[in-house]
file target-v4.cif (mmCIF, C-alpha atoms)
data_structure
#
loop_
_atom_site.label_atom_id
_atom_site.label_comp_id
_atom_site.auth_asym_id
_atom_site.auth_seq_id
_atom_site.Cartn_x
_atom_site.Cartn_y
_atom_site.Cartn_z
CA MET A 29 -52.57 63.91 -109.29
CA LEU A 30 -50.50 65.71 -111.93
CA LEU A 31 -47.39 63.87 -110.74
CA GLN A 32 -49.20 60.56 -111.08
CA LEU A 33 -50.64 61.48 -114.50
CA GLY A 34 -47.21 62.50 -115.76
CA ASP A 35 -45.74 59.22 -114.55
CA ARG A 36 -48.47 57.23 -116.30
CA LEU A 37 -47.93 59.14 -119.54
CA ARG A 38 -44.20 58.45 -119.44
CA GLN A 39 -44.82 54.75 -118.84
CA ALA A 40 -47.39 54.66 -121.65
CA ARG A 41 -44.86 56.24 -124.02
CA ARG A 42 -42.22 53.70 -123.09
CA ALA A 43 -44.70 50.82 -123.39
CA ARG A 44 -45.34 51.93 -126.98
CA GLY A 45 -41.63 52.03 -127.74
CA LEU A 46 -41.62 55.77 -128.38
CA SER A 47 -38.66 57.98 -127.56
CA SER A 48 -39.35 61.35 -125.99
CA ALA A 49 -38.14 63.02 -129.20
CA ALA A 50 -40.54 60.95 -131.34
CA LEU A 51 -43.56 61.64 -129.15
CA ALA A 52 -42.74 65.35 -128.85
CA LYS A 53 -42.61 65.55 -132.65
CA GLN A 54 -45.99 63.80 -132.99
CA VAL A 55 -47.59 66.09 -130.44
CA GLY A 56 -45.96 69.19 -131.94
CA ILE A 57 -44.19 70.32 -128.78
CA SER A 58 -40.58 70.54 -127.67
CA ARG A 59 -38.87 67.77 -125.71
CA THR A 60 -38.58 70.23 -122.83
CA THR A 61 -42.35 70.66 -122.74
CA LEU A 62 -42.87 66.90 -122.96
CA SER A 63 -40.46 66.43 -120.06
CA ALA A 64 -42.53 68.93 -118.06
CA VAL A 65 -45.71 66.97 -118.87
CA GLU A 66 -44.14 63.66 -117.86
CA ALA A 67 -42.88 65.28 -114.66
CA GLY A 68 -46.45 66.34 -113.85
CA GLU A 69 -45.63 70.03 -113.80
CA PRO A 70 -48.53 72.51 -113.78
CA ALA A 71 -46.96 74.85 -116.33
CA PRO A 72 -48.02 72.97 -119.53
CA THR A 73 -51.56 73.83 -120.61
CA MET A 74 -54.48 71.43 -120.36
CA GLY A 75 -54.48 71.38 -124.15
CA THR A 76 -50.89 70.10 -124.15
CA TYR A 77 -51.77 67.30 -121.75
CA LEU A 78 -54.77 66.40 -123.96
CA ARG A 79 -52.63 66.31 -127.09
CA VAL A 80 -50.16 63.97 -125.41
CA LEU A 81 -53.04 61.75 -124.27
CA SER A 82 -54.42 61.73 -127.80
CA CYS A 83 -51.11 60.77 -129.42
CA LEU A 84 -50.77 57.91 -126.92
CA GLY A 85 -54.27 56.69 -127.74
CA LEU A 86 -55.59 57.56 -124.28
CA ALA A 87 -57.95 60.43 -125.09
CA GLY A 88 -60.90 58.02 -125.24
CA ASP A 89 -60.44 57.16 -121.57
CA LEU A 90 -60.65 60.85 -120.67
CA ALA A 91 -63.86 61.23 -122.68
CA LEU A 92 -65.51 58.64 -120.42
CA VAL A 93 -64.88 60.57 -117.22
CA GLY A 94 -68.20 61.09 -115.43
CA SER A 95 -70.18 59.09 -117.99
CA ASP A 96 -73.01 56.74 -116.97
CA ALA A 97 -71.11 53.80 -118.50
CA VAL A 98 -68.17 54.34 -116.22
CA ARG A 99 -70.39 54.75 -113.14
CA GLN A 100 -72.29 51.56 -113.92
CA THR A 101 -69.43 49.27 -114.91
CA ASN A 102 -66.66 50.55 -112.68
CA ASP A 103 -68.55 51.17 -109.45
CA ARG A 104 -66.79 48.42 -107.55
CA SER A 105 -63.37 49.58 -108.75
CA ARG A 106 -63.90 53.31 -108.22
CA HIS A 107 -60.98 53.34 -105.78
CA THR A 108 -58.55 51.74 -108.23
CA PRO A 109 -55.19 53.40 -107.56
CA ILE A 110 -53.31 55.39 -110.14
CA VAL A 111 -50.09 53.68 -109.05
CA VAL A 112 -49.46 51.19 -111.81
CA SER A 113 -48.45 48.00 -110.02
CA THR A 114 -48.54 46.56 -106.53
CA GLY A 115 -44.84 45.75 -106.62
CA SER A 116 -43.97 49.41 -107.14
CA ASN A 117 -46.45 50.93 -104.67
CA ARG A 118 -43.96 51.39 -101.83
CA HIS A 119 -41.29 52.88 -104.07
CA ALA A 120 -43.84 55.08 -105.84
CA ALA A 121 -45.03 56.41 -102.48
CA GLN A 122 -41.45 57.13 -101.43
CA ASP A 123 -40.72 58.91 -104.72
CA LEU A 124 -43.92 60.94 -104.39
CA GLN A 125 -43.03 61.88 -100.80
CA SER A 126 -39.55 62.96 -101.86
CA MET A 127 -40.92 65.01 -104.74
CA MET A 128 -43.51 66.73 -102.54
CA LEU A 129 -40.92 67.57 -99.89
CA HIS A 130 -38.58 69.06 -102.47
CA ARG A 131 -41.28 71.11 -104.16
CA GLU A 132 -42.13 72.60 -100.77
CA ALA A 133 -38.43 73.22 -100.04
CA VAL A 134 -37.85 74.92 -103.40
CA ALA A 135 -40.93 77.12 -102.89
CA LEU A 136 -39.60 78.09 -99.46
CA ILE A 137 -36.13 78.91 -100.81
CA ARG A 138 -37.55 81.09 -103.56
CA LYS A 139 -39.13 83.29 -100.88
CA ASN A 140 -35.79 83.83 -99.13
CA PRO A 141 -33.00 82.60 -101.44
CA GLU A 142 -30.06 84.43 -99.92
CA GLU A 143 -30.45 83.07 -96.39
CA LEU A 144 -31.71 79.58 -97.23
CA VAL A 145 -29.19 78.83 -99.97
CA ALA A 146 -26.44 79.81 -97.52
CA ARG A 147 -27.93 77.41 -94.96
CA ALA A 148 -27.96 74.62 -97.55
CA PHE A 149 -24.28 75.23 -98.32
CA LYS A 150 -23.47 75.02 -94.61
CA THR A 151 -25.34 71.73 -94.37
CA LEU A 152 -23.24 70.32 -97.22
CA GLU A 153 -20.08 71.52 -95.49
CA ARG A 154 -21.05 69.71 -92.28
CA TRP A 155 -21.73 66.49 -94.17
CA GLN A 156 -18.44 66.69 -96.04
CA ALA A 157 -16.53 67.36 -92.82
CA ARG A 158 -17.48 63.90 -91.58
CA GLY A 159 -15.09 62.33 -94.07
CA PRO A 160 -15.21 60.50 -97.41
CA SER A 161 -18.65 59.47 -98.60
CA ALA A 162 -20.17 57.73 -101.60
CA SER A 163 -22.51 60.73 -101.81
CA GLN A 164 -19.66 63.14 -102.61
CA PRO A 165 -20.43 63.33 -106.37
CA LEU A 166 -24.05 64.15 -105.54
CA TRP A 167 -23.01 66.81 -103.02
CA ASP A 168 -20.72 68.35 -105.64
CA GLU A 169 -23.65 68.46 -108.03
CA TRP A 170 -25.80 70.04 -105.34
CA LYS A 171 -23.22 72.84 -104.96
CA VAL A 172 -23.69 73.71 -108.63
CA ILE A 173 -27.48 73.57 -108.28
CA LEU A 174 -27.41 75.83 -105.23
CA HIS A 175 -25.01 78.27 -106.84
CA ARG A 176 -27.14 78.55 -109.97
CA GLN A 177 -30.43 78.14 -108.10
CA ASP A 178 -31.51 75.90 -110.94
CA TRP A 179 -34.11 73.69 -109.28
CA LYS A 180 -35.52 72.01 -112.38
CA LYS A 181 -32.94 69.22 -112.31
CA VAL A 182 -33.98 68.30 -108.76
CA LEU A 183 -37.70 68.23 -109.54
CA LEU A 184 -37.53 65.94 -112.56
CA LYS A 185 -38.63 62.30 -112.39
CA THR A 186 -35.37 60.95 -113.75
CA ARG A 187 -33.12 58.46 -111.99
CA ARG A 188 -30.49 61.17 -111.44
CA ALA A 189 -33.05 63.51 -109.92
CA GLN A 190 -34.11 60.78 -107.51
CA GLU A 191 -30.49 60.24 -106.50
CA LEU A 192 -30.03 63.97 -105.95
CA ARG A 193 -33.13 64.12 -103.77
CA GLN A 194 -31.74 61.27 -101.66
CA ALA A 195 -28.62 63.37 -100.96
CA SER A 196 -30.47 66.65 -100.57
CA PRO A 197 -29.48 69.44 -98.16
CA ILE A 198 -32.63 71.50 -98.69
CA VAL A 199 -35.38 69.35 -97.17
CA THR A 200 -33.76 69.74 -93.76
CA MET A 201 -34.82 73.39 -93.64
CA LEU A 202 -38.54 72.66 -94.01
CA PRO A 203 -40.66 73.47 -90.95
CA GLU A 204 -41.62 70.41 -88.94
CA GLU A 205 -45.34 70.95 -89.56
CA THR A 206 -44.76 70.95 -93.32
CA ARG A 207 -42.83 67.68 -93.22
CA LEU A 208 -45.44 66.06 -91.00
CA ARG A 209 -48.25 67.20 -93.29
CA ILE A 210 -46.60 65.70 -96.35
CA LEU A 211 -45.76 62.46 -94.55
CA ARG A 212 -49.39 62.22 -93.41
CA GLU A 213 -50.71 62.85 -96.93
CA VAL A 214 -48.45 60.17 -98.41
CA ARG A 215 -49.41 57.68 -95.69
CA GLU A 216 -53.09 58.32 -96.43
CA LEU A 217 -52.48 57.87 -100.14
CA LYS A 218 -50.58 54.64 -99.52
CA ALA A 219 -53.30 53.36 -97.20
CA GLY A 220 -55.90 54.09 -99.85
CA VAL A 221 -53.87 52.23 -102.47
CA ASN A 222 -53.48 49.17 -100.24
CA LEU A 223 -57.19 49.21 -99.40
CA SER A 224 -58.19 49.35 -103.06
CA ILE A 225 -55.83 46.47 -103.86
CA HIS A 226 -57.41 44.29 -101.15
CA GLU A 227 -60.93 45.23 -102.29
CA SER A 228 -60.09 44.40 -105.88
CA ALA A 229 -58.54 41.05 -104.93
CA ALA A 230 -61.58 40.18 -102.78
CA ALA A 231 -63.98 41.05 -105.60
CA GLU A 232 -62.09 38.90 -108.09
CA ALA A 233 -62.01 35.98 -105.61
#

call {"tool": "encode", "arguments": {"input": "target-v4.cif", "output": "structure tokens"}}
result
Amino acid sequence: MLLQLGDRLRQARRARGLSSAALAKQVGISRTTLSAVEAGEPAPTMGTYLRVLSCLGLAGDLALVGSDAVRQTNDRSRHTPIVVSTGSNRHAAQDLQSMMLHREAVALIRKNPEELVARAFKTLERWQARGPSASQPLWDEWKVILHRQDWKKVLLKTRRAQELRQASPIVTMLPEETRLRILREVRELKAGVNLSIHESAAAEA
């Protein structure tokens, strides 16, 4: 839910024509903190999220949560998905799946960095041994990330972070049950989104 909220906040900022620097200044936080909010990270305080919502003019929506007005007027649309548009549902689900897998992988590596980072390097070596690849620049960047163990770049919701996750050597070390659990959760989320879309379309018809 935090990932989805962060994504919505970033889209709301862009829709208002605000740069990250401009919004961070309005909120009174650093651009780094704003990036963490828009990435849906749990580290920023609830107060920080509320201040961002307020500056984007969205605090009023939060004030209605649980109110009688919302229950009465939005009963038929209570399953409305957080994903912003039907055309992006599939890609949003894929991005969410990738993010969840990588958060699990990073958490696993932090418990045993020496062994698992070495395994990730070996995976990169095997891939590179197959010959030239368009992914080579990404693999080179992964070597730096692994050497520094700086995972933040991989867990951002930027285009580059998405590209890095697509060429990732660390998800391969996740236990099978962890991967299956995440895949199941994303499938359930996607199924719920599709169901709510059909229900909404039927109600409008």

call {"tool": "closest_residue", "arguments": {"input": "target-v4.cif", "among": "A:Leu166, A:Leu174, A:Leu184, A:Leu124", "to": "Glu213 in chain A", "atoms": "only C-alpha atoms"}}
result
A:Leu124

call {"tool": "resolve_selection", "arguments": {"input": "target-v4.cif", "expression": "the PyMOL selection byres ((chain A and resi 194) around 12)", "output": "VMD selection string"}}
result
chain A and resid 122 to 123 125 to 127 129 to 130 163 166 to 167 170 182 187 to 193 195 to 200

call {"tool": "write_last_selection", "arguments": {"input": "target-v4.cif", "atoms": "C-alpha atoms", "output": "PDB file, in the frame of the given file"}}
result
ATOM      1  CA  GLN A 122     -41.450  57.130-101.430  1.00  0.00           C
ATOM      2  CA  ASP A 123     -40.720  58.910-104.720  1.00  0.00           C
ATOM      3  CA  GLN A 125     -43.030  61.880-100.800  1.00  0.00           C
ATOM      4  CA  SER A 126     -39.550  62.960-101.860  1.00  0.00           C
ATOM      5  CA  MET A 127     -40.920  65.010-104.740  1.00  0.00           C
ATOM      6  CA  LEU A 129     -40.920  67.570 -99.890  1.00  0.00           C
ATOM      7  CA  HIS A 130     -38.580  69.060-102.470  1.00  0.00           C
ATOM      8  CA  SER A 163     -22.510  60.730-101.810  1.00  0.00           C
ATOM      9  CA  LEU A 166     -24.050  64.150-105.540  1.00  0.00           C
ATOM     10  CA  TRP A 167     -23.010  66.810-103.020  1.00  0.00           C
ATOM     11  CA  TRP A 170     -25.800  70.040-105.340  1.00  0.00           C
ATOM     12  CA  VAL A 182     -33.980  68.300-108.760  1.00  0.00           C
ATOM     13  CA  ARG A 187     -33.120  58.460-111.990  1.00  0.00           C
ATOM     14  CA  ARG A 188     -30.490  61.170-111.440  1.00  0.00           C
ATOM     15  CA  ALA A 189     -33.050  63.510-109.920  1.00  0.00           C
ATOM     16  CA  GLN A 190     -34.110  60.780-107.510  1.00  0.00           C
ATOM     17  CA  GLU A 191     -30.490  60.240-106.500  1.00  0.00           C
ATOM     18  CA  LEU A 192     -30.030  63.970-105.950  1.00  0.00           C
ATOM     19  CA  ARG A 193     -33.130  64.120-103.770  1.00  0.00           C
ATOM     20  CA  ALA A 195     -28.620  63.370-100.960  1.00  0.00           C
ATOM     21  CA  SER A 196     -30.470  66.650-100.570  1.00  0.00           C
ATOM     22  CA  PRO A 197     -29.480  69.440 -98.160  1.00  0.00           C
ATOM     23  CA  ILE A 198     -32.630  71.500 -98.690  1.00  0.00           C
ATOM     24  CA  VAL A 199     -35.380  69.350 -97.170  1.00  0.00           C
ATOM     25  CA  THR A 200     -33.760  69.740 -93.760  1.00  0.00           C
TER      26      THR A 200
END

call {"tool": "closest_residue", "arguments": {"input": "target-v4.cif", "among": "A:Phe149, A:Glu169, A:Thr186, A:Ala133", "to": "Arg38 in chain A", "atoms": "all atoms listed in the file"}}
result
A:Thr186

call {"tool": "atom_distance", "arguments": {"input": "target-v4.cif", "atom1": "CA of Gly45 in chain A", "atom2": "CA of Glu66 in chain A"}}
result
15.5 Å

call {"tool": "closest_residue", "arguments": {"input": "target-v4.cif", "among": "A:Arg42, A:Arg79, A:Lys150, A:Arg176", "to": "Gln54 in chain A", "atoms": "only C-alpha atoms"}}
result
A:Arg79

call {"tool": "axis_aligned_box", "arguments": {"input": "target-v4.cif", "around": "range 32-36 of chain A", "padding_each_side": "8 Å", "output": "JSON"}}
result
{"center_x": -48.2, "center_y": 59.9, "center_z": -113.7, "size_x": 20.9, "size_y": 21.3, "size_z": 21.2}

call {"tool": "resolve_selection", "arguments": {"input": "target-v4.cif", "expression": "the PyMOL selection byres ((chain A and resi 51) around 12)", "output": "ChimeraX atom specification"}}
result
/A:37-38,40-42,44-50,52-63,65-66,79-85

call {"tool": "write_last_selection", "arguments": {"input": "target-v4.cif", "atoms": "C-alpha atoms", "output": "PDB file, in the coordinates of the input"}}
result
ATOM      1  CA  LEU A  37     -47.930  59.140-119.540  1.00  0.00           C
ATOM      2  CA  ARG A  38     -44.200  58.450-119.440  1.00  0.00           C
ATOM      3  CA  ALA A  40     -47.390  54.660-121.650  1.00  0.00           C
ATOM      4  CA  ARG A  41     -44.860  56.240-124.020  1.00  0.00           C
ATOM      5  CA  ARG A  42     -42.220  53.700-123.090  1.00  0.00           C
ATOM      6  CA  ARG A  44     -45.340  51.930-126.980  1.00  0.00           C
ATOM      7  CA  GLY A  45     -41.630  52.030-127.740  1.00  0.00           C
ATOM      8  CA  LEU A  46     -41.620  55.770-128.380  1.00  0.00           C
ATOM      9  CA  SER A  47     -38.660  57.980-127.560  1.00  0.00           C
ATOM     10  CA  SER A  48     -39.350  61.350-125.990  1.00  0.00           C
ATOM     11  CA  ALA A  49     -38.140  63.020-129.200  1.00  0.00           C
ATOM     12  CA  ALA A  50     -40.540  60.950-131.340  1.00  0.00           C
ATOM     13  CA  ALA A  52     -42.740  65.350-128.850  1.00  0.00           C
ATOM     14  CA  LYS A  53     -42.610  65.550-132.650  1.00  0.00           C
ATOM     15  CA  GLN A  54     -45.990  63.800-132.990  1.00  0.00           C
ATOM     16  CA  VAL A  55     -47.590  66.090-130.440  1.00  0.00           C
ATOM     17  CA  GLY A  56     -45.960  69.190-131.940  1.00  0.00           C
ATOM     18  CA  ILE A  57     -44.190  70.320-128.780  1.00  0.00           C
ATOM     19  CA  SER A  58     -40.580  70.540-127.670  1.00  0.00           C
ATOM     20  CA  ARG A  59     -38.870  67.770-125.710  1.00  0.00           C
ATOM     21  CA  THR A  60     -38.580  70.230-122.830  1.00  0.00           C
ATOM     22  CA  THR A  61     -42.350  70.660-122.740  1.00  0.00           C
ATOM     23  CA  LEU A  62     -42.870  66.900-122.960  1.00  0.00           C
ATOM     24  CA  SER A  63     -40.460  66.430-120.060  1.00  0.00           C
ATOM     25  CA  VAL A  65     -45.710  66.970-118.870  1.00  0.00           C
ATOM     26  CA  GLU A  66     -44.140  63.660-117.860  1.00  0.00           C
ATOM     27  CA  ARG A  79     -52.630  66.310-127.090  1.00  0.00           C
ATOM     28  CA  VAL A  80     -50.160  63.970-125.410  1.00  0.00           C
ATOM     29  CA  LEU A  81     -53.040  61.750-124.270  1.00  0.00           C
ATOM     30  CA  SER A  82     -54.420  61.730-127.800  1.00  0.00           C
ATOM     31  CA  CYS A  83     -51.110  60.770-129.420  1.00  0.00           C
ATOM     32  CA  LEU A  84     -50.770  57.910-126.920  1.00  0.00           C
ATOM     33  CA  GLY A  85     -54.270  56.690-127.740  1.00  0.00           C
TER      34      GLY A  85
END

call {"tool": "atom_distance", "arguments": {"input": "target-v4.cif", "atom1": "CA of Asp178 in chain A", "atom2": "CA of Tyr77 in chain A"}}
result
24.5 Å

call {"tool": "closest_residue", "arguments": {"input": "target-v4.cif", "among": "A:Ala135, A:Lys185, A:Met74, A:Leu144", "to": "Leu31 in chain A", "atoms": "only C-alpha atoms"}}
result
A:Lys185

call {"tool": "build_atoms", "arguments": {"input": "target-v4.cif", "residues": "range 167-198 of chain A", "atoms": "N, CA and C atoms", "output": "short mmCIF file (atom, residue, chain, number, x, y, z; two decimals), in the frame of the given file"}}
result
data_model
loop_
_atom_site.label_atom_id
_atom_site.label_comp_id
_atom_site.auth_asym_id
_atom_site.auth_seq_id
_atom_site.Cartn_x
_atom_site.Cartn_y
_atom_site.Cartn_z
N TRP A 167 -23.18 65.54 -103.75
CA TRP A 167 -23.01 66.81 -103.02
C TRP A 167 -22.35 67.85 -103.91
N ASP A 168 -21.37 67.41 -104.72
CA ASP A 168 -20.72 68.35 -105.64
C ASP A 168 -21.74 68.90 -106.64
N GLU A 169 -22.62 68.03 -107.09
CA GLU A 169 -23.65 68.46 -108.03
C GLU A 169 -24.64 69.42 -107.35
N TRP A 170 -24.92 69.16 -106.09
CA TRP A 170 -25.80 70.04 -105.34
C TRP A 170 -25.19 71.44 -105.21
N LYS A 171 -23.87 71.53 -105.06
CA LYS A 171 -23.22 72.84 -104.96
C LYS A 171 -23.48 73.67 -106.22
N VAL A 172 -23.43 73.02 -107.36
CA VAL A 172 -23.69 73.71 -108.63
C VAL A 172 -25.15 74.16 -108.68
N ILE A 173 -26.04 73.25 -108.27
CA ILE A 173 -27.48 73.57 -108.28
C ILE A 173 -27.77 74.75 -107.37
N LEU A 174 -27.19 74.73 -106.18
CA LEU A 174 -27.41 75.83 -105.23
C LEU A 174 -26.83 77.14 -105.74
N HIS A 175 -25.65 77.06 -106.33
CA HIS A 175 -25.01 78.27 -106.84
C HIS A 175 -25.85 78.89 -107.95
N ARG A 176 -26.36 78.05 -108.84
CA ARG A 176 -27.14 78.55 -109.97
C ARG A 176 -28.61 78.75 -109.61
N GLN A 177 -29.03 78.15 -108.49
CA GLN A 177 -30.43 78.14 -108.10
C GLN A 177 -31.31 77.61 -109.24
N ASP A 178 -30.82 76.55 -109.84
CA ASP A 178 -31.51 75.90 -110.94
C ASP A 178 -32.17 74.64 -110.39
N TRP A 179 -33.44 74.77 -110.01
CA TRP A 179 -34.11 73.69 -109.28
C TRP A 179 -34.74 72.64 -110.19
N LYS A 180 -34.82 72.93 -111.48
CA LYS A 180 -35.52 72.01 -112.38
C LYS A 180 -34.93 70.61 -112.34
N LYS A 181 -33.60 70.53 -112.28
CA LYS A 181 -32.94 69.22 -112.31
C LYS A 181 -33.34 68.37 -111.11
N VAL A 182 -33.62 69.01 -109.98
CA VAL A 182 -33.98 68.30 -108.76
C VAL A 182 -35.42 67.82 -108.79
N LEU A 183 -36.27 68.51 -109.55
CA LEU A 183 -37.70 68.23 -109.54
C LEU A 183 -38.15 67.34 -110.71
N LEU A 184 -37.19 66.86 -111.49
CA LEU A 184 -37.53 65.94 -112.56
C LEU A 184 -37.81 64.55 -112.00
N LYS A 185 -38.37 63.68 -112.83
CA LYS A 185 -38.63 62.30 -112.39
C LYS A 185 -37.65 61.33 -113.03
N THR A 186 -36.42 61.79 -113.20
CA THR A 186 -35.37 60.95 -113.75
C THR A 186 -34.66 60.21 -112.62
N ARG A 187 -33.89 59.20 -112.99
CA ARG A 187 -33.12 58.46 -111.99
C ARG A 187 -32.12 59.38 -111.28
N ARG A 188 -31.47 60.26 -112.05
CA ARG A 188 -30.49 61.17 -111.44
C ARG A 188 -31.15 62.12 -110.46
N ALA A 189 -32.34 62.61 -110.82
CA ALA A 189 -33.05 63.51 -109.92
C ALA A 189 -33.42 62.81 -108.62
N GLN A 190 -33.80 61.55 -108.71
CA GLN A 190 -34.11 60.78 -107.51
C GLN A 190 -32.87 60.62 -106.63
N GLU A 191 -31.73 60.37 -107.26
CA GLU A 191 -30.49 60.24 -106.50
C GLU A 191 -30.13 61.56 -105.82
N LEU A 192 -30.32 62.66 -106.53
CA LEU A 192 -30.03 63.97 -105.95
C LEU A 192 -30.93 64.25 -104.76
N ARG A 193 -32.20 63.89 -104.88
CA ARG A 193 -33.13 64.12 -103.77
C ARG A 193 -32.75 63.29 -102.55
N GLN A 194 -32.15 62.12 -102.78
CA GLN A 194 -31.74 61.27 -101.66
C GLN A 194 -30.53 61.86 -100.92
N ALA A 195 -29.80 62.75 -101.58
CA ALA A 195 -28.62 63.37 -100.96
C ALA A 195 -28.85 64.87 -100.77
N SER A 196 -30.09 65.24 -100.54
CA SER A 196 -30.47 66.65 -100.57
C SER A 196 -30.20 67.38 -99.26
N PRO A 197 -29.66 68.61 -99.36
CA PRO A 197 -29.48 69.44 -98.16
C PRO A 197 -30.61 70.41 -97.93
N ILE A 198 -31.62 70.45 -98.81
CA ILE A 198 -32.63 71.50 -98.69
C ILE A 198 -33.88 71.08 -97.93
#
